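Each remark here refers to the structure printed beneath this line.
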Amino acid sequence: MTLLITFLVDRLGVSRLVGGIIGWAFIALVASGAARGDYELIEHRGADELRVKVEKENTDAIRKRH
């Protein structure tokens, strides 16, 4: 992290404090994106499982009627 901040400070010509703030903001952005991706994956998997269950129940109900 220190190397990244040092590189950022040198490249942008900003203070070390600003470089640290930008670095931590970037880390927070990446972490929130990863959490959002995990949430979407879990939500999608749950929806698929529910869809399969409903389709099975519908199929069973149709078979019982005939």
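We label chains A, B, ... in the order they appear in the structure tokens, count residues from 1 in each chain, and number ligands from 1 in the order shown.
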Query - A:Ile22 surroundings by only C-alpha atoms, 10 Å radius, close-in-sequence under 6 positions cut, as a count of residues only - result: 5
Query - Pairwise distance for atom CA of A:Leu4 and atom CA of A:Trp24, rounded to one decimal in Å - result: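 Value for the atom CA of A:Leu4-atom CA of A:Trp24 distance: 10.6 Å.
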